[in-house]
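Since the structure comes first, as structure tokens, the remarks are kept for the end.
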Amino acid sequence: MAAKGAYPSFSSRLAFIIAAAGSAVGLGNVWGFTYVAGANGGGGFVLIYLVALAFVAGPAFMAEMLIGRMGKASPPTALGKLQSRAGSKLNWPTVGWIGLIGTLMVLSFYAVIAGQAMYYGLVALEGGFAGWGEEAVTALDADFKADPVSMAIWSAVFMAFTASIVSFDISKGIERAGKVMMPLLFLMLIGLVVYAGQIGDWGRAASFLFGFHEINFSSRLFLEAVGQAFFTLGVGVGGLMTYGSYMGDDVRLPRATFWIVAMDLFVALAAGMAIFPLVFASGVEPTAGPGLVFLTLPNIFSAIPGGAFVAFVFFLLLTFAAVTSSISLLAPTVQRLAEANIRRPVAACLMAGVAVLLSLLTVYSFAGGREVYPLASFGLDGMTAFDLIREGVSNFILPLSGFAYCLIIGWSLSREDVRTALPMAEGRLFTLWYMVVRVIAPLAIAALFIGAVIG
Ligand code: PFF
């Protein structure tokens, strides 16, 4: 057991990998991936997303965890330490602070969506959905969204749950949550894929996700695919940096990264193969947008054998995925407050409270403010507060912070320092990753933004 006052750490290599995989696997894999892939035409989008994972977000993911490992503190403090080490005049902690703001932005909409998932899980537990018909399902979603108070209460319940886990020491809280929820999540997901294969249209789902279709390559599509790659791995807000700071010296980061990215990808594709076979078999369109999970799917649950049970398993899975990610989103600010000698439980409640307050913006966007576009006069017409927060964080803050992490690791710290901190046994692999972090990933992100501005 760590001495009181010592810097927290995960109790084993496996515990770190499970926690980091828990952070990566989240609403982004199930709710986000399926709707973004569905809305963007499937196969072609998935291909760009895979390339972005391998060459941009994946390498940046390792860079972020490495910064945490080298700085052993909350993101702003860790970056400050590394800045002094590198003797740079730029203000590195700013990147950490922007990340902390990003964690609260993600939590603000995460809580609302996870809250709805919890509520739907409860409805299913009471035998809901089975045999309901379209009208009842639409009414459930509409009633939920017409009632901002209950949306806010469910968000608060979700955040309270998150805060209660983060309040504990790392090994008793974050670590244990991952060890319990992640295996269950995998089990439920595999069960759903098998079930969907039996009653759904697997062939069409596979060709939708993996086949080539006519696709409109636009700079926006690239931005969405790269944004999704960053979001799904959770790179760019300091959650992984914080987990990286808790990792033991025995973790071989490159290998751990490989496994975490593989698990994340597996869950996204498996979620697609659990959801789209049912979508196609029911003859509905895969392009439903954010409503895919709360409207299209429940409609399907209402018509299939064992619908209430399948719905319960699905929404429980979604809730577990959300919790293991939200704890990694709350951890960075809590760690920063702990450095100011604020006790973890107090810090966790405080920051969860801030996230609940911010979540009211998303609540409003789903309820009365569905057609309120706060930045319409700045050319962002048609975007609600929720759209602005979601796209702002995943398409801007995450890739830009990832850009900064790559430059820090690739250019500002010495190659030897980086190599020793990884450590990476194979020289060639290190050279490849180092080149990607130094050149390819930053150039790709820069090109993306230039494309988005002129496109
Ligand atoms: N990776 C999570 C998802 O796919 O839902 C979201 C996320 C988690 C983003 C942790 C950022 C983060 F630090």
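Ligands are numbered from 1 in the order shown, chains are lettered A, B, ... in the order of the structure tokens, and residues start at 1 in each chain.
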
**Asked** Taking only C-alpha atoms and all ligand atoms into account, which residues are within 10 Å of ligand 1, as a PyMOL selection string?
**Response** chain A and resi 20-33+99-100+102-107+110+228-243+264+267-268+318+321-332+393-394+398

**Asked** Which residues, written as number ranges by chain, have at least one atom at most 10 Å from segment 80-83 of chain A, with only C-alpha atoms counted and residues fewer than 2 positions away on the same chain left out?
**Response** A: 67-68, 70-78, 85-96, 408-409, 412-413

Just C-alpha atoms for this one: save the residues we selected as a PDB file, in the first residue's frame.
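part29.pdb written:
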ATOM      1  CA  ILE A  67       3.963  12.973 -20.871  1.00  0.00           C
ATOM      2  CA  GLY A  68       1.997  11.796 -17.830  1.00  0.00           C
ATOM      3  CA  MET A  70       7.450  11.634 -17.341  1.00  0.00           C
ATOM      4  CA  GLY A  71       5.714  14.439 -15.440  1.00  0.00           C
ATOM      5  CA  LYS A  72       4.005  12.357 -12.705  1.00  0.00           C
ATOM      6  CA  ALA A  73       1.428  14.992 -11.833  1.00  0.00           C
ATOM      7  CA  SER A  74      -1.866  16.484 -13.038  1.00  0.00           C
ATOM      8  CA  PRO A  75      -1.711  17.704 -16.664  1.00  0.00           C
ATOM      9  CA  PRO A  76      -0.854  21.392 -16.084  1.00  0.00           C
ATOM     10  CA  THR A  77       1.738  20.531 -13.429  1.00  0.00           C
ATOM     11  CA  ALA A  78       3.246  17.667 -15.438  1.00  0.00           C
ATOM     12  CA  ARG A  85      13.252  20.243 -18.163  1.00  0.00           C
ATOM     13  CA  ALA A  86      13.239  21.292 -21.810  1.00  0.00           C
ATOM     14  CA  GLY A  87      14.052  24.909 -20.946  1.00  0.00           C
ATOM     15  CA  SER A  88      11.298  26.140 -23.264  1.00  0.00           C
ATOM     16  CA  LYS A  89       9.930  29.667 -23.123  1.00  0.00           C
ATOM     17  CA  LEU A  90       6.462  28.672 -24.288  1.00  0.00           C
ATOM     18  CA  ASN A  91       3.820  28.214 -21.622  1.00  0.00           C
ATOM     19  CA  TRP A  92       3.183  24.451 -21.702  1.00  0.00           C
ATOM     20  CA  PRO A  93       0.789  24.311 -18.732  1.00  0.00           C
ATOM     21  CA  THR A  94      -1.735  26.245 -20.850  1.00  0.00           C
ATOM     22  CA  VAL A  95      -2.180  23.111 -22.951  1.00  0.00           C
ATOM     23  CA  GLY A  96      -2.933  21.233 -19.723  1.00  0.00           C
ATOM     24  CA  ILE A 408       6.466  18.287 -27.172  1.00  0.00           C
ATOM     25  CA  ILE A 409       7.488  14.644 -27.415  1.00  0.00           C
ATOM     26  CA  SER A 412      11.112  19.644 -27.396  1.00  0.00           C
ATOM     27  CA  LEU A 413      12.210  16.765 -25.212  1.00  0.00           C
TER      28      LEU A 413
END

**Complete:** Separating atom CA of Ala19 of chain A from atom CA of Ala57 of chain A, to the nearest tenth of an Å, is a gap of 18.5 Å

**Item:** Surrounding residues of Phe312 of chain A excluding itself and chain neighbours under 4 positions, 10 Å, only C-alpha atoms, as a PyMOL selection string
**Value:** chain A and resi 117-118+120-129+301+307-308+316-318

Now that the selection is made, can you save its residues with all heavy atoms as a CSV table (one decimal), in the first residue's frame?
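Everything below was put into part-v9.csv:
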chain,number,residue,atom,x,y,z
A,117,ALA,N,-29.2,6.8,-21.0
A,117,ALA,CA,-29.0,5.4,-21.1
A,117,ALA,C,-29.4,4.7,-19.8
A,117,ALA,O,-30.0,3.6,-19.8
A,117,ALA,CB,-27.5,5.1,-21.4
A,118,MET,N,-29.1,5.3,-18.6
A,118,MET,CA,-29.4,4.7,-17.3
A,118,MET,C,-31.0,4.6,-17.2
A,118,MET,O,-31.5,3.6,-16.8
A,118,MET,CB,-28.9,5.6,-16.2
A,118,MET,CG,-27.4,5.4,-16.0
A,118,MET,SD,-26.8,6.6,-14.8
A,118,MET,CE,-26.9,5.7,-13.3
A,120,TYR,N,-33.2,4.5,-19.6
A,120,TYR,CA,-33.7,3.5,-20.5
A,120,TYR,C,-33.4,2.1,-20.0
A,120,TYR,O,-34.2,1.2,-20.1
A,120,TYR,CB,-33.1,3.7,-21.9
A,120,TYR,CG,-33.8,4.6,-22.8
A,120,TYR,CD1,-34.3,5.8,-22.3
A,120,TYR,CD2,-34.1,4.3,-24.1
A,120,TYR,CE1,-35.0,6.7,-23.1
A,120,TYR,CE2,-34.8,5.2,-25.0
A,120,TYR,CZ,-35.2,6.4,-24.4
A,120,TYR,OH,-35.9,7.3,-25.2
A,121,GLY,N,-32.3,1.9,-19.3
A,121,GLY,CA,-32.0,0.6,-18.7
A,121,GLY,C,-33.0,0.3,-17.6
A,121,GLY,O,-33.5,-0.8,-17.5
A,122,LEU,N,-33.4,1.3,-16.9
A,122,LEU,CA,-34.4,1.1,-15.8
A,122,LEU,C,-35.8,0.8,-16.5
A,122,LEU,O,-36.5,-0.1,-16.0
A,122,LEU,CB,-34.5,2.4,-15.0
A,122,LEU,CG,-35.3,2.3,-13.7
A,122,LEU,CD1,-34.4,1.5,-12.7
A,122,LEU,CD2,-35.5,3.7,-13.1
A,123,VAL,N,-36.1,1.5,-17.5
A,123,VAL,CA,-37.4,1.2,-18.2
A,123,VAL,C,-37.4,-0.2,-18.7
A,123,VAL,O,-38.4,-1.0,-18.6
A,123,VAL,CB,-37.6,2.2,-19.4
A,123,VAL,CG1,-38.8,1.8,-20.3
A,123,VAL,CG2,-37.7,3.6,-18.9
A,124,ALA,N,-36.3,-0.7,-19.3
A,124,ALA,CA,-36.2,-2.0,-19.8
A,124,ALA,C,-36.3,-3.0,-18.6
A,124,ALA,O,-36.9,-4.1,-18.7
A,124,ALA,CB,-34.9,-2.2,-20.5
A,125,LEU,N,-35.7,-2.7,-17.5
A,125,LEU,CA,-35.7,-3.6,-16.3
A,125,LEU,C,-37.1,-3.8,-15.9
A,125,LEU,O,-37.5,-4.9,-15.4
A,125,LEU,CB,-34.9,-3.0,-15.2
A,125,LEU,CG,-34.5,-3.9,-14.0
A,125,LEU,CD1,-33.7,-5.1,-14.5
A,125,LEU,CD2,-33.7,-3.1,-13.0
A,126,GLU,N,-37.9,-2.8,-16.0
A,126,GLU,CA,-39.3,-2.9,-15.6
A,126,GLU,C,-40.2,-3.6,-16.7
A,126,GLU,O,-41.4,-3.5,-16.7
A,126,GLU,CB,-39.9,-1.5,-15.3
A,126,GLU,CG,-39.3,-0.9,-14.0
A,126,GLU,CD,-39.6,0.5,-13.9
A,126,GLU,OE1,-40.0,1.2,-14.8
A,126,GLU,OE2,-39.5,1.0,-12.7
A,127,GLY,N,-39.5,-4.2,-17.7
A,127,GLY,CA,-40.2,-4.9,-18.8
A,127,GLY,C,-40.6,-4.0,-20.0
A,127,GLY,O,-41.3,-4.4,-20.8
A,128,GLY,N,-40.0,-2.8,-20.0
A,128,GLY,CA,-40.4,-1.8,-21.0
A,128,GLY,C,-39.9,-2.2,-22.4
A,128,GLY,O,-39.1,-3.2,-22.5
A,129,PHE,N,-40.3,-1.6,-23.4
A,129,PHE,CA,-39.9,-1.7,-24.8
A,129,PHE,C,-40.6,-2.9,-25.5
A,129,PHE,O,-41.1,-2.8,-26.6
A,129,PHE,CB,-38.4,-1.8,-25.0
A,129,PHE,CG,-37.6,-0.6,-24.5
A,129,PHE,CD1,-36.8,-0.6,-23.4
A,129,PHE,CD2,-37.8,0.6,-25.2
A,129,PHE,CE1,-36.1,0.5,-23.0
A,129,PHE,CE2,-37.1,1.7,-24.8
A,129,PHE,CZ,-36.3,1.7,-23.7
A,301,PHE,N,-35.9,-3.0,-30.6
A,301,PHE,CA,-36.1,-3.9,-29.4
A,301,PHE,C,-37.6,-4.2,-29.1
A,301,PHE,O,-37.9,-5.3,-28.6
A,301,PHE,CB,-35.6,-3.1,-28.1
A,301,PHE,CG,-34.1,-2.9,-28.1
A,301,PHE,CD1,-33.5,-1.8,-27.5
A,301,PHE,CD2,-33.2,-3.8,-28.7
A,301,PHE,CE1,-32.2,-1.6,-27.5
A,301,PHE,CE2,-31.8,-3.6,-28.7
A,301,PHE,CZ,-31.3,-2.5,-28.1
A,307,GLY,N,-37.1,-8.7,-26.3
A,307,GLY,CA,-36.8,-7.3,-26.4
A,307,GLY,C,-36.4,-6.5,-25.2
A,307,GLY,O,-35.4,-5.8,-25.1
A,308,ALA,N,-37.1,-6.8,-24.1
A,308,ALA,CA,-36.9,-6.0,-22.8
A,308,ALA,C,-35.5,-6.4,-22.3
A,308,ALA,O,-34.7,-5.6,-21.9
A,308,ALA,CB,-38.0,-6.3,-21.8
A,316,LEU,N,-27.3,-1.2,-20.2
A,316,LEU,CA,-26.4,-1.4,-19.1
A,316,LEU,C,-24.9,-1.3,-19.7
A,316,LEU,O,-24.0,-0.7,-19.1
A,316,LEU,CB,-26.6,-2.8,-18.5
A,316,LEU,CG,-25.8,-3.1,-17.2
A,316,LEU,CD1,-26.2,-2.1,-16.1
A,316,LEU,CD2,-26.0,-4.5,-16.7
A,317,LEU,N,-24.8,-1.9,-20.8
A,317,LEU,CA,-23.5,-1.9,-21.5
A,317,LEU,C,-23.1,-0.4,-21.8
A,317,LEU,O,-22.0,0.0,-21.5
A,317,LEU,CB,-23.6,-2.7,-22.8
A,317,LEU,CG,-22.4,-2.8,-23.7
A,317,LEU,CD1,-22.5,-4.1,-24.5
A,317,LEU,CD2,-22.3,-1.7,-24.8
A,318,LEU,N,-24.0,0.3,-22.3
A,318,LEU,CA,-23.8,1.7,-22.6
A,318,LEU,C,-23.4,2.5,-21.3
A,318,LEU,O,-22.5,3.3,-21.3
A,318,LEU,CB,-25.0,2.3,-23.2
A,318,LEU,CG,-24.9,3.5,-24.2
A,318,LEU,CD1,-23.9,3.2,-25.3
A,318,LEU,CD2,-26.2,3.9,-24.7

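Ranking A:Gly191, A:Gly43, A:Pro286, A:Gly379 by their shortest atom-to-atom distance to Ala206 of chain A, with only C-alpha atoms included, puts A:Gly43 first.
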
**Message:** For a test of reading the model, state the distance in Å between atom CA of Pro345 of chain A and atom CA of Ala177 of chain A, rounded to one decimal.
**Reply:** 16.2 Å

Taking a cut-off of 7 Å and counting only C-alpha atoms, can you build a table that, for each residue of segment 250-270 of chain A near segment 8-17 of chain A, reports the nearest atom pair and how far apart they are in Å (one decimal), sorted by chain then residue number, as a tab-separated table?
residue	atom	partner	partner_atom	distance
A:Asp250	CA	A:Arg13	CA	6.9
A:Val251	CA	A:Arg13	CA	5.4
A:Ala256	CA	A:Ile17	CA	6.3
A:Ile260	CA	A:Ile17	CA	6.7

Okay, now the selection with all heavy atoms, as a PDB file, in the first residue's frame?
ATOM      1  N   ASP A 250       6.863  -0.540 -14.523  1.00  0.00           N
ATOM      2  CA  ASP A 250       6.990  -1.810 -15.246  1.00  0.00           C
ATOM      3  C   ASP A 250       6.078  -1.885 -16.480  1.00  0.00           C
ATOM      4  O   ASP A 250       6.126  -2.856 -17.221  1.00  0.00           O
ATOM      5  CB  ASP A 250       6.675  -2.978 -14.299  1.00  0.00           C
ATOM      6  CG  ASP A 250       5.287  -2.840 -13.684  1.00  0.00           C
ATOM      7  OD1 ASP A 250       4.723  -1.724 -13.747  1.00  0.00           O
ATOM      8  OD2 ASP A 250       4.765  -3.839 -13.154  1.00  0.00           O
ATOM      9  N   VAL A 251       5.242  -0.861 -16.700  1.00  0.00           N
ATOM     10  CA  VAL A 251       4.352  -0.922 -17.869  1.00  0.00           C
ATOM     11  C   VAL A 251       5.150  -0.644 -19.135  1.00  0.00           C
ATOM     12  O   VAL A 251       5.849   0.365 -19.223  1.00  0.00           O
ATOM     13  CB  VAL A 251       3.217   0.138 -17.763  1.00  0.00           C
ATOM     14  CG1 VAL A 251       2.398   0.174 -19.034  1.00  0.00           C
ATOM     15  CG2 VAL A 251       2.340  -0.141 -16.564  1.00  0.00           C
ATOM     16  N   ALA A 256       1.293  -1.807 -24.262  1.00  0.00           N
ATOM     17  CA  ALA A 256       0.017  -1.446 -23.634  1.00  0.00           C
ATOM     18  C   ALA A 256      -0.832  -0.651 -24.631  1.00  0.00           C
ATOM     19  O   ALA A 256      -2.030  -0.891 -24.779  1.00  0.00           O
ATOM     20  CB  ALA A 256       0.269  -0.629 -22.369  1.00  0.00           C
ATOM     21  N   ILE A 260      -4.610  -1.476 -25.943  1.00  0.00           N
ATOM     22  CA  ILE A 260      -5.734  -0.573 -25.644  1.00  0.00           C
ATOM     23  C   ILE A 260      -6.409  -0.129 -26.946  1.00  0.00           C
ATOM     24  O   ILE A 260      -7.631  -0.142 -27.063  1.00  0.00           O
ATOM     25  CB  ILE A 260      -5.245   0.646 -24.825  1.00  0.00           C
ATOM     26  CG1 ILE A 260      -4.680   0.175 -23.484  1.00  0.00           C
ATOM     27  CG2 ILE A 260      -6.390   1.629 -24.606  1.00  0.00           C
ATOM     28  CD1 ILE A 260      -3.803   1.198 -22.783  1.00  0.00           C
TER      29      ILE A 260
END

**Message:** Which residues are close to segment 275-282 of chain A, i.e. within 12 Å by only C-alpha atoms, leaving aside same-chain residues fewer than 5 positions away? Reply as a PyMOL selection string.
**Reply:** chain A and resi 29-31+33-35+37-38+42+189-190+192-210+267-270+287-288+292-304+307+310-311+314

**Prompt:** segment 352-364 of chain A: which residues within 8 Å, counting only C-alpha atoms, same-chain residues fewer than 2 positions away excluded, as an MDAnalysis selection string?
**Reply:** chainID A and resid 104:105 107:109 111:112 145 148 151:152 155:156 159:160 162:163 330 348:350 366:370 385:386

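Among the candidates A:Ser218, A:Phe45, A:Glu339, A:Leu50, the one nearest to Phe266 of chain A when counting only C-alpha atoms is A:Leu50.
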
**Asked** Which neighbours of Arg69 of chain A fall inside 6 Å, counting only C-alpha atoms, when residues of the same chain fewer than 3 positions from it are skipped, and could you give them as a PyMOL selection string?
**Response** chain A and resi 66+72+244-245

Writing out the chosen residues with all heavy atoms as an mmCIF file, in the first residue's frame:
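Saved the output as out-v2.cif:
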data_model
loop_
_atom_site.group_PDB
_atom_site.id
_atom_site.type_symbol
_atom_site.label_atom_id
_atom_site.label_comp_id
_atom_site.auth_asym_id
_atom_site.auth_seq_id
_atom_site.Cartn_x
_atom_site.Cartn_y
_atom_site.Cartn_z
ATOM 1 N N LEU A 66 2.800 9.181 -22.237
ATOM 2 C CA LEU A 66 4.218 9.328 -21.931
ATOM 3 C C LEU A 66 4.488 10.634 -21.173
ATOM 4 O O LEU A 66 5.291 10.669 -20.237
ATOM 5 C CB LEU A 66 4.984 9.317 -23.259
ATOM 6 C CG LEU A 66 6.478 9.148 -23.176
ATOM 7 C CD1 LEU A 66 6.827 7.863 -22.460
ATOM 8 C CD2 LEU A 66 7.073 9.143 -24.573
ATOM 9 N N LYS A 72 4.570 12.863 -13.973
ATOM 10 C CA LYS A 72 4.005 12.357 -12.705
ATOM 11 C C LYS A 72 3.250 13.406 -11.901
ATOM 12 O O LYS A 72 3.547 13.661 -10.727
ATOM 13 C CB LYS A 72 5.127 11.775 -11.828
ATOM 14 C CG LYS A 72 5.560 10.384 -12.204
ATOM 15 C CD LYS A 72 5.364 9.403 -11.046
ATOM 16 C CE LYS A 72 5.623 7.963 -11.433
ATOM 17 N NZ LYS A 72 4.900 7.497 -12.606
ATOM 18 N N GLY A 244 -1.567 8.012 -17.145
ATOM 19 C CA GLY A 244 -0.152 7.745 -17.427
ATOM 20 C C GLY A 244 0.701 8.089 -16.215
ATOM 21 O O GLY A 244 1.691 7.421 -15.918
ATOM 22 N N SER A 245 0.304 9.147 -15.492
ATOM 23 C CA SER A 245 1.090 9.549 -14.327
ATOM 24 C C SER A 245 0.939 8.532 -13.190
ATOM 25 O O SER A 245 1.766 8.466 -12.296
ATOM 26 C CB SER A 245 0.672 10.943 -13.857
ATOM 27 O OG SER A 245 -0.551 10.904 -13.154
#

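Minimum distance to Arg344 of chain A across A:Ser164, A:Ser365, A:Ser377, A:Thr420 (counting only C-alpha atoms) occurs at A:Ser164.
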
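Here atom CA of Gly410 of chain A is placed at a distance of 11.8 Å from atom CA of Met62 of chain A.
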
**Prompt:** Residues of segment 334-439 of chain A in alpha helix (DSSP H) according to DSSP, as a VMD selection string?
**Reply:** chain A and resid 334 to 339 344 to 366 385 to 391 398 to 407 415 to 421 427 to 435
